[in-house]
file query_23.txt (compact mmCIF, C-alpha atoms and all ligand atoms)
# COMPACT_ATOMS: atom_id res chain seq x y z
CA MET A 1385 0.00 0.00 0.00
CA SER A 1386 1.54 3.27 -1.09
CA PRO A 1387 1.65 6.25 1.29
CA THR A 1388 -1.38 8.53 1.46
CA GLU A 1389 -2.10 12.10 2.47
CA LEU A 1390 -5.24 13.84 3.64
CA ARG A 1391 -6.06 17.22 2.14
CA PRO A 1392 -9.08 19.44 1.41
CA LEU A 1393 -11.11 18.67 -1.70
CA ARG A 1394 -10.78 21.20 -4.51
CA LEU A 1395 -13.08 21.97 -7.40
CA LEU A 1396 -10.80 20.04 -9.71
CA ASP A 1397 -11.54 16.89 -7.66
CA ARG A 1398 -15.23 17.00 -8.63
CA HIS A 1399 -14.97 14.41 -11.42
CA ARG A 1400 -13.27 11.86 -9.18
CA VAL A 1401 -15.77 12.55 -6.36
CA TYR A 1402 -18.52 11.98 -8.92
CA GLU A 1403 -16.87 8.72 -9.98
CA LEU A 1404 -16.62 7.47 -6.39
CA ALA A 1405 -20.14 8.63 -5.46
CA THR A 1406 -21.59 6.94 -8.55
CA MET A 1407 -19.62 3.77 -7.82
CA ARG A 1408 -20.83 3.65 -4.21
CA PHE A 1409 -24.31 5.22 -4.32
CA GLY A 1410 -25.47 4.85 -7.92
CA SER A 1411 -26.55 7.87 -9.95
CA GLN A 1412 -27.39 10.10 -6.99
CA TRP A 1413 -25.55 13.24 -8.10
CA SER A 1414 -24.37 15.09 -11.18
CA VAL A 1415 -20.89 16.57 -11.58
CA SER A 1416 -22.44 20.05 -11.44
CA ALA A 1417 -24.22 19.26 -8.16
CA ILE A 1418 -20.85 18.23 -6.70
CA GLU A 1419 -19.29 21.38 -8.13
CA GLN A 1420 -21.95 23.51 -6.39
CA LEU A 1421 -21.40 21.64 -3.15
CA LEU A 1422 -17.63 22.16 -3.29
CA ALA A 1423 -18.18 25.86 -4.01
CA ASN A 1424 -20.54 26.29 -1.05
CA PRO A 1425 -18.89 28.61 1.50
CA ASN A 1426 -20.25 26.44 4.34
CA GLN A 1427 -18.75 23.21 3.05
CA LEU A 1428 -15.91 21.48 4.82
CA SER A 1429 -14.50 18.56 2.91
CA TRP A 1430 -11.37 16.57 2.37
CA GLY A 1431 -10.13 13.28 1.12
CA VAL A 1432 -7.38 10.71 1.31
CA PHE A 1433 -5.11 10.76 -1.75
CA LEU A 1434 -2.39 8.35 -2.87
CA LYS A 1435 0.90 10.23 -2.77
CA GLU A 1436 2.28 8.48 -5.83
CA ASP A 1437 -0.34 9.69 -8.32
CA SER A 1438 -2.70 11.96 -6.29
CA LYS A 1439 -5.58 9.52 -6.81
CA LEU A 1440 -8.49 10.26 -4.47
CA ILE A 1441 -9.44 7.02 -2.67
CA SER A 1442 -11.79 8.22 0.08
CA TYR A 1443 -13.67 11.48 0.72
CA LEU A 1444 -15.91 13.25 3.21
CA ILE A 1445 -18.12 16.25 2.41
CA THR A 1446 -19.94 18.18 5.14
CA ILE A 1447 -21.90 21.40 5.46
CA VAL A 1448 -21.14 23.28 8.67
CA VAL A 1449 -23.55 25.73 10.26
CA ALA A 1450 -22.82 27.25 13.66
CA GLY A 1451 -20.32 24.54 14.56
CA GLU A 1452 -22.63 21.67 13.59
CA ALA A 1453 -21.33 19.53 10.73
CA ASP A 1454 -23.90 17.68 8.62
CA ILE A 1455 -22.32 14.80 6.71
CA ILE A 1456 -23.52 15.10 3.12
CA SER A 1457 -21.45 12.29 1.65
CA ILE A 1458 -18.69 9.91 2.62
CA ALA A 1459 -17.30 7.12 0.47
CA THR A 1460 -14.22 5.00 -0.09
CA ASP A 1461 -13.12 3.41 -3.36
CA PRO A 1462 -14.05 -0.29 -2.92
CA GLU A 1463 -10.52 -1.24 -3.93
CA TYR A 1464 -9.28 0.52 -0.78
CA SER A 1465 -12.14 -0.28 1.61
CA ARG A 1466 -11.69 -1.62 5.12
CA ARG A 1467 -8.24 -0.05 5.46
CA GLY A 1468 -9.25 2.73 7.82
CA PHE A 1469 -9.65 5.58 5.31
CA GLY A 1470 -13.34 6.26 5.99
CA SER A 1471 -12.57 6.39 9.72
CA GLN A 1472 -9.55 8.61 9.07
CA ASN A 1473 -11.77 11.15 7.31
CA LEU A 1474 -14.29 11.09 10.15
CA LYS A 1475 -11.63 11.34 12.87
CA HIS A 1476 -10.20 14.39 11.14
CA LEU A 1477 -13.65 16.00 11.37
CA MET A 1478 -14.00 14.94 15.01
CA ASP A 1479 -10.61 16.58 15.74
CA SER A 1480 -11.60 19.88 14.12
CA PRO A 1481 -11.74 22.58 16.81
CA LYS A 1482 -14.52 24.38 14.89
CA ILE A 1483 -16.95 21.47 15.22
CA HIS A 1484 -18.97 20.73 18.36
CA LYS A 1485 -21.55 18.37 16.87
CA ILE A 1486 -21.70 16.03 13.87
CA VAL A 1487 -25.00 14.79 12.43
CA LEU A 1488 -25.85 12.41 9.58
CA GLU A 1489 -28.44 10.13 8.03
CA VAL A 1490 -27.63 6.54 7.17
CA ASP A 1491 -29.71 3.83 5.53
CA VAL A 1492 -30.94 1.46 8.24
CA GLY A 1493 -29.60 -1.44 6.13
CA ASN A 1494 -26.11 0.00 5.61
CA GLU A 1495 -24.26 -2.30 8.00
CA ALA A 1496 -20.74 -1.19 7.03
CA ALA A 1497 -21.45 2.50 7.62
CA LEU A 1498 -23.44 1.79 10.80
CA ALA A 1499 -20.51 -0.20 12.19
CA MET A 1500 -18.08 2.57 11.30
CA TYR A 1501 -20.19 5.28 12.96
CA SER A 1502 -20.89 3.18 16.06
CA ASN A 1503 -17.19 2.32 16.45
CA LEU A 1504 -16.44 6.05 16.48
CA GLY A 1505 -19.06 6.83 19.14
CA PHE A 1506 -22.01 8.05 17.05
CA THR A 1507 -25.42 7.23 18.52
CA VAL A 1508 -28.87 6.88 16.95
CA ASP A 1509 -31.22 9.80 17.67
CA GLY A 1510 -34.20 8.54 15.69
CA VAL A 1511 -35.57 7.09 12.47
CA ARG A 1512 -36.55 9.06 9.37
CA LYS A 1513 -39.21 7.06 7.59
CA ASN A 1514 -38.98 6.75 3.78
CA TYR A 1515 -35.95 9.04 3.74
CA TYR A 1516 -34.30 7.52 0.66
CA ASN A 1517 -36.34 7.77 -2.55
CA GLY A 1518 -39.51 7.79 -0.42
CA GLU A 1519 -38.83 4.13 0.30
CA ARG A 1520 -36.01 3.16 2.63
CA ASP A 1521 -35.73 4.43 6.20
CA ALA A 1522 -32.72 6.24 7.62
CA TYR A 1523 -31.28 6.50 11.09
CA ARG A 1524 -30.49 10.00 12.22
CA MET A 1525 -27.19 9.76 14.10
CA SER A 1526 -25.04 12.28 15.93
CA LEU A 1527 -21.89 12.76 17.92
CA ASN A 1528 -21.29 15.58 20.40
CA ARG A 1529 -17.77 16.72 21.04
C1 LIG B 1601 -18.93 3.18 4.77
C2 LIG B 1601 -17.59 3.38 4.08
C3 LIG B 1601 -17.37 4.88 3.81
C4 LIG B 1601 -16.48 2.87 5.00
O1 LIG B 1601 -15.25 3.21 4.40
P1 LIG B 1601 -13.90 2.39 4.75
O2 LIG B 1601 -12.77 3.21 4.24
O3 LIG B 1601 -14.03 1.00 4.28
O4 LIG B 1601 -13.98 2.45 6.34
P2 LIG B 1601 -12.93 1.87 7.41
O5 LIG B 1601 -11.88 1.04 6.74
O6 LIG B 1601 -12.50 3.02 8.22
O7 LIG B 1601 -13.85 0.90 8.26
C5 LIG B 1601 -14.39 1.33 9.48
C6 LIG B 1601 -15.33 0.27 10.01
O8 LIG B 1601 -16.49 0.22 9.18
C7 LIG B 1601 -16.98 -1.14 9.17
N1 LIG B 1601 -16.94 -1.64 7.81
C8 LIG B 1601 -16.35 -1.07 6.72
N2 LIG B 1601 -16.57 -1.83 5.63
C9 LIG B 1601 -17.31 -2.87 6.03
C10 LIG B 1601 -17.90 -3.98 5.37
N3 LIG B 1601 -17.73 -4.17 4.05
N4 LIG B 1601 -18.63 -4.84 6.09
C11 LIG B 1601 -18.81 -4.68 7.42
N5 LIG B 1601 -18.28 -3.64 8.12
C12 LIG B 1601 -17.55 -2.76 7.43
C13 LIG B 1601 -16.05 -1.93 10.07
O9 LIG B 1601 -16.58 -1.90 11.38
C14 LIG B 1601 -14.78 -1.13 9.98
O10 LIG B 1601 -13.93 -1.33 11.07
P3 LIG B 1601 -12.95 -2.62 11.09
O11 LIG B 1601 -12.38 -2.78 9.72
O12 LIG B 1601 -11.94 -2.25 12.13
O13 LIG B 1601 -13.82 -3.77 11.49
C15 LIG B 1601 -17.50 2.56 2.75
O14 LIG B 1601 -17.92 1.23 3.02
C16 LIG B 1601 -18.34 3.14 1.63
O15 LIG B 1601 -17.88 3.95 0.83
N6 LIG B 1601 -19.61 2.69 1.56
C17 LIG B 1601 -20.51 3.15 0.49
C18 LIG B 1601 -20.93 4.57 0.74
C19 LIG B 1601 -21.65 4.70 2.08
O16 LIG B 1601 -22.43 3.84 2.46
N7 LIG B 1601 -21.41 5.83 2.77
C20 LIG B 1601 -22.06 6.11 4.05
C21 LIG B 1601 -23.36 6.80 3.79
S1 LIG B 1601 -24.11 7.34 5.32

call {"tool": "encode", "arguments": {"input": "query_23.txt", "output": "structure tokens"}}
result
Amino acid sequence: MSPTELRPLRLLDRHRVYELATMRFGSQWSVSAIEQLLANPNQLSWGVFLKEDSKLISYLITIVVAGEADIISIATDPEYSRRGFGSQNLKHLMDSPKIHKIVLEVDVGNEAALAMYSNLGFTVDGVRKNYYNGERDAYRMSLNR
């Protein structure tokens, strides 16, 4: 495994974010939607990149309002999954002095993500019925710092 570095996402990363999001979530977003998100002044986002070729292998995008970070999207390239990169992105957010609370929604059937959030101390606050496509339920989870 080649060395990696964590750095903020830039607009020029939008195509690779799109590729990863499409790979992991299906056709949820367009490149222009990601571009708008990355241009949002309230966004806080970064990713893990391979040092050798600057390939983005895992990312986290949040919107922060008054110290509360809402996780909009987090994904890891399946080729690099289960190697701690998703957790690394989240821990970096948890370590940010500007953030006092992190909130998110996660599909009730998404066992990998649920395990990751639980391992890091997130707790379930409630259920949002029919949150995804008016069909699947989501857990609302949060972590206070
Ligand atoms: C959820 C996701 C971001 C995790 O990324 P990752 O880089 O593999 O995460 P980590 O390597 O840090 O794994 C953290 C923990 O998550 C859990 N986990 C990750 N992948 C898992 C899998 N395939 N099956 C079961 N648990 C899994 C494990 O508890 C793991 O800890 P462990 O390896 O010490 O047991 C990744 O699976 C992904 O991109 N999923 C699709 C997109 C998604 O569901 N995003 C979350 C939306 S709310």

call {"tool": "residues_around", "arguments": {"input": "query_23.txt", "residues": "stretch 1453-1455 of chain A", "least_positions_apart": "5", "cutoff": "10 Å", "atoms": "only C-alpha atoms", "output": "PDB file with C-alpha atoms, keeping the file's coordinate frame"}}
result
ATOM      1  CA  ASN A1426     -20.250  26.440   4.340  1.00  0.00           C
ATOM      2  CA  GLN A1427     -18.750  23.210   3.050  1.00  0.00           C
ATOM      3  CA  LEU A1428     -15.910  21.480   4.820  1.00  0.00           C
ATOM      4  CA  SER A1429     -14.500  18.560   2.910  1.00  0.00           C
ATOM      5  CA  LEU A1444     -15.910  13.250   3.210  1.00  0.00           C
ATOM      6  CA  ILE A1445     -18.120  16.250   2.410  1.00  0.00           C
ATOM      7  CA  THR A1446     -19.940  18.180   5.140  1.00  0.00           C
ATOM      8  CA  ILE A1447     -21.900  21.400   5.460  1.00  0.00           C
ATOM      9  CA  VAL A1448     -21.140  23.280   8.670  1.00  0.00           C
ATOM     10  CA  LEU A1474     -14.290  11.090  10.150  1.00  0.00           C
ATOM     11  CA  LEU A1477     -13.650  16.000  11.370  1.00  0.00           C
ATOM     12  CA  MET A1478     -14.000  14.940  15.010  1.00  0.00           C
ATOM     13  CA  LYS A1482     -14.520  24.380  14.890  1.00  0.00           C
ATOM     14  CA  ILE A1483     -16.950  21.470  15.220  1.00  0.00           C
ATOM     15  CA  HIS A1484     -18.970  20.730  18.360  1.00  0.00           C
ATOM     16  CA  LYS A1485     -21.550  18.370  16.870  1.00  0.00           C
ATOM     17  CA  ILE A1486     -21.700  16.030  13.870  1.00  0.00           C
ATOM     18  CA  VAL A1487     -25.000  14.790  12.430  1.00  0.00           C
ATOM     19  CA  LEU A1488     -25.850  12.410   9.580  1.00  0.00           C
ATOM     20  CA  GLU A1489     -28.440  10.130   8.030  1.00  0.00           C
ATOM     21  CA  VAL A1490     -27.630   6.540   7.170  1.00  0.00           C
ATOM     22  CA  SER A1526     -25.040  12.280  15.930  1.00  0.00           C
ATOM     23  CA  LEU A1527     -21.890  12.760  17.920  1.00  0.00           C
TER      24      LEU A1527
END

call {"tool": "closest_residue", "arguments": {"input": "query_23.txt", "among": "A:Asp1397, A:Ala1497, A:Asp1437, A:Asp1491", "to": "A:Arg1512", "atoms": "all atoms listed in the file"}}
result
A:Asp1491

call {"tool": "closest_residue", "arguments": {"input": "query_23.txt", "among": "A:Ser1480, A:Tyr1523, A:Asn1424, A:Ile1458", "to": "A:Phe1409", "atoms": "all atoms listed in the file"}}
result
A:Ile1458

call {"tool": "residues_near_ligand", "arguments": {"input": "query_23.txt", "ligand": "ligand LIG 1601 (chain B)", "cutoff": "9 Å", "atoms": "only C-alpha atoms and all ligand atoms", "output": "PyMOL selection string"}}
result
chain A and resi 1404-1405+1407-1409+1441-1444+1455-1462+1464-1474+1488-1491+1494-1504+1522

call {"tool": "atom_distance", "arguments": {"input": "query_23.txt", "atom1": "atom CA of A:Leu1422", "atom2": "atom CA of A:Arg1520"}}
result
27.1 Å

call {"tool": "closest_residue", "arguments": {"input": "query_23.txt", "among": "A:Ile1418, A:Leu1390, A:Met1385, A:Met1525", "to": "A:Glu1403", "atoms": "only C-alpha atoms"}}
result
A:Ile1418

call {"tool": "atom_distance", "arguments": {"input": "query_23.txt", "atom1": "atom CA of A:Trp1430", "atom2": "atom CA of A:Val1401"}}
result
10.6 Å

call {"tool": "residues_around", "arguments": {"input": "query_23.txt", "residues": "A:Arg1398", "least_positions_apart": "6", "cutoff": "10 Å", "atoms": "all atoms listed in the file", "output": "ChimeraX atom specification"}}
result
/A:1404,1414-1422

call {"tool": "atom_distance", "arguments": {"input": "query_23.txt", "atom1": "atom CA of A:Glu1389", "atom2": "atom CA of A:Phe1433"}}
result
5.4 Å

call {"tool": "residues_around", "arguments": {"input": "query_23.txt", "residues": "A:Pro1387", "least_positions_apart": "6", "cutoff": "10 Å", "atoms": "only C-alpha atoms", "output": "PyMOL selection string"}}
result
chain A and resi 1433-1436
